[in-house]
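Below: the structure, in structure tokens.
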Amino acid sequence: VSTNTSVTVIGGGKMGAGICIAFLEREHPVTLVEANEERALEARGRILGELSQRGRVSETAADFIATTSASTVLPAALVIETVPESVDLKRSVLVDAEQLVEPGGILCSNTSSLSINSLAQPLANPERFLGMHFFQPVPDTTLIELVTGDATSESTLTSARNWAEDVLGRDPIVVRDSPGFSTSRLGVAIGLEAMRMVEDGIASADDIDKGMMLGYQHAVGPLRMTDMVGLDVRLAISEYLAREIGPRFEPPQILRDKVAAGELGQKSGRGFFDWN
Ligand SMILES: NC(=O)c1ccc[n+]([C@@H]2O[C@H](COP(=O)([O-])OP(=O)(O)OC[C@H]3O[C@@H](n4cnc5c(N)ncnc54)[C@H](O)[C@@H]3O)[C@@H](O)[C@H]2O)c1
């Protein structure tokens, strides 16, 4: 499987920029496709600015192209879609993106929650499609969750693994397509139980987190992590998992109450902890 060729990233927002930076820092050329001229220019500036802040400007970075028209982009060995989380938008972008994949190449989605099988439905070549789920902040996080759909071929998975390990120097895990994949499902389960423990007055939020950090070697406790992700985001994911997997993911009342009160975590200044 050849990995030493071109990469196209579609969508240059928070995640797309991070993915471009991850490739450029490894001196691997990448092309970015954005929705319009203005977004493309803005994204290129943001990416080069961040590279410069990180002291990682190189010739590869100087040659980095952000464009709007997918038709001007040469077919690539790896195409990563990372546009906003909407099934309809992603499906239409992915169908167009199939034209941008060279023979033997693969197509990925960076979706954090949508079903890979459902995104694959309109594709002509679903066997070369899979989920490549990056984590924030992308340039500094070694994990990539590779999510296989029913149609994903073995060689597609092998190729994705090579890109992740050999080109990006990451540590991938492989997960079969299912709601919440692996990381969200388990992370949310622990977070929800921690909230129920606060609700039941078992221990303080601080002590619950400390228990997991000191006793189970978690780098961040489950309630602080909930604050960092955003309580509204966690509420939406847990409602989705409750629908798809079962009632054990029903959000506790304390989560609903905090979101209704505008206590959304770090971004609003208050969640299970005070961030001011
Ligand atoms: N933010 C996170 O923490 C995180 C983590 C993992 C995965 N994800 C997933 O990554 C994806 C992108 O998330 P984000 O946070 O970067 O969103 P974002 O809103 O910051 O960026 C999306 C970008 O896509 C561009 N775009 C929209 N339509 C387009 C089109 N037709 N062609 C090309 N570009 C287009 C937008 O202009 C925007 O720059 C989502 O699927 C999200 O679920 C996000």
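Just remember, in the structure tokens the first chain shown is A, the second B, etc., residues are 1-based per chain, and ligands are 1-based in the order shown.
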
Please identify which residues in range 171-245 of chain A DSSP calls strand (DSSP E) from the backbone, and express them as a list in words.
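Checking each residue of range 171-245 of chain A, the strand (DSSP E) ones are Asp171, Pro172, Ile173, Val174, Val175 and Arg176 of chain A.
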
Could you give me, as a list in words, the residues within 8 Å of Ile21 in chain A, counting only C-alpha atoms and dropping anything in the same chain fewer than 4 positions from it?
Ala17, Glu25, Ile47, Leu51 and Pro139 of chain A

Selection: 9 Å around Val79 in chain A, only C-alpha atoms, excl. self and same-chain fewer than 6 positions, as a list in words
Ser6, Val7, Thr8, Val9, Ile10, Ala97, Glu98, Leu100, Val101, Gly105, Ile106, Leu107, Cys108 and Ser109 of chain A

Pairwise distance for CA of Ser112 in chain A and CA of Arg248 in chain A, rounded to one decimal in Å:
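It comes out at 20.6 Å.
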
So which one's closest to ligand 1, A:Ser204, A:Thr68, A:Asn125, A:Thr111? Using only C-alpha atoms and all ligand atoms, please.
A:Thr111

Once you count only C-alpha atoms and all ligand atoms, which residues end up within 6 Å of ligand 1, and could you hand them over as a PyMOL selection string?
chain A and resi 10-16+33-35+39+82-85+93+110-112+133-136

Residues of range 56-145 of chain A within 10 Å of range 162-181 of chain A: nearest atom pair and distance (Å, one decimal) for each, counting only C-alpha atoms, sorted by chain and number, as CSV?
```
residue,atom,partner,partner_atom,distance
A:Ala77,CA,A:Trp163,CA,9.9
A:Leu78,CA,A:Trp163,CA,8.3
A:Ser112,CA,A:Gly180,CA,7.7
A:Ser113,CA,A:Gly180,CA,5.7
A:Leu114,CA,A:Pro179,CA,7.6
A:Ser115,CA,A:Asp177,CA,6.4
A:Ile116,CA,A:Asp177,CA,6.0
A:Asn117,CA,A:Asp177,CA,7.1
A:Ser118,CA,A:Asp177,CA,9.8
A:Leu130,CA,A:Asp177,CA,9.0
A:Gly131,CA,A:Asp177,CA,8.4
A:Met132,CA,A:Ala164,CA,9.0
A:His133,CA,A:Pro172,CA,9.4
A:Phe134,CA,A:Pro172,CA,9.5
A:Pro139,CA,A:Leu168,CA,9.6
A:Asp140,CA,A:Arg170,CA,9.9
A:Thr141,CA,A:Arg170,CA,8.1
A:Thr142,CA,A:Arg170,CA,4.7
A:Leu143,CA,A:Asp171,CA,5.2
A:Ile144,CA,A:Pro172,CA,4.6
A:Glu145,CA,A:Ile173,CA,5.1
```

Which of range 26-85 of chain A end up as helix (DSSP H, G or I) when DSSP is run on this backbone - answer as a list of chain:residue names?
A:Glu37, A:Glu38, A:Arg39, A:Ala40, A:Leu41, A:Glu42, A:Ala43, A:Arg44, A:Gly45, A:Arg46, A:Ile47, A:Leu48, A:Gly49, A:Glu50, A:Leu51, A:Ser52, A:Gln53, A:Glu59, A:Thr60, A:Ala61, A:Ala62, A:Ala70, A:Ser71, A:Thr72

Would you export the selected residues with C-alpha atoms as a compact mmCIF listing (two decimals), in the first residue's frame, please?
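So the final result, stored in again30.txt, reads:
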```
# COMPACT_ATOMS: atom_id res chain seq x y z
CA GLU A 37 -12.83 31.71 -1.81
CA GLU A 38 -13.10 33.70 1.40
CA ARG A 39 -13.14 30.61 3.63
CA ALA A 40 -10.22 29.10 1.69
CA LEU A 41 -8.09 32.23 2.16
CA GLU A 42 -9.05 32.54 5.79
CA ALA A 43 -8.29 28.87 6.49
CA ARG A 44 -4.89 29.05 4.77
CA GLY A 45 -3.95 32.10 6.84
CA ARG A 46 -5.10 30.44 10.04
CA ILE A 47 -3.17 27.24 9.29
CA LEU A 48 0.08 29.02 8.35
CA GLY A 49 -0.33 31.29 11.40
CA GLU A 50 -0.62 28.32 13.71
CA LEU A 51 2.32 26.55 12.08
CA SER A 52 4.42 29.65 12.54
CA GLN A 53 3.37 29.92 16.21
CA GLU A 59 8.83 24.50 2.41
CA THR A 60 5.97 22.02 2.38
CA ALA A 61 3.91 24.49 4.39
CA ALA A 62 4.82 27.38 2.10
CA ALA A 70 -12.72 20.50 -6.13
CA SER A 71 -12.45 20.17 -9.92
CA THR A 72 -9.04 21.88 -9.91
```
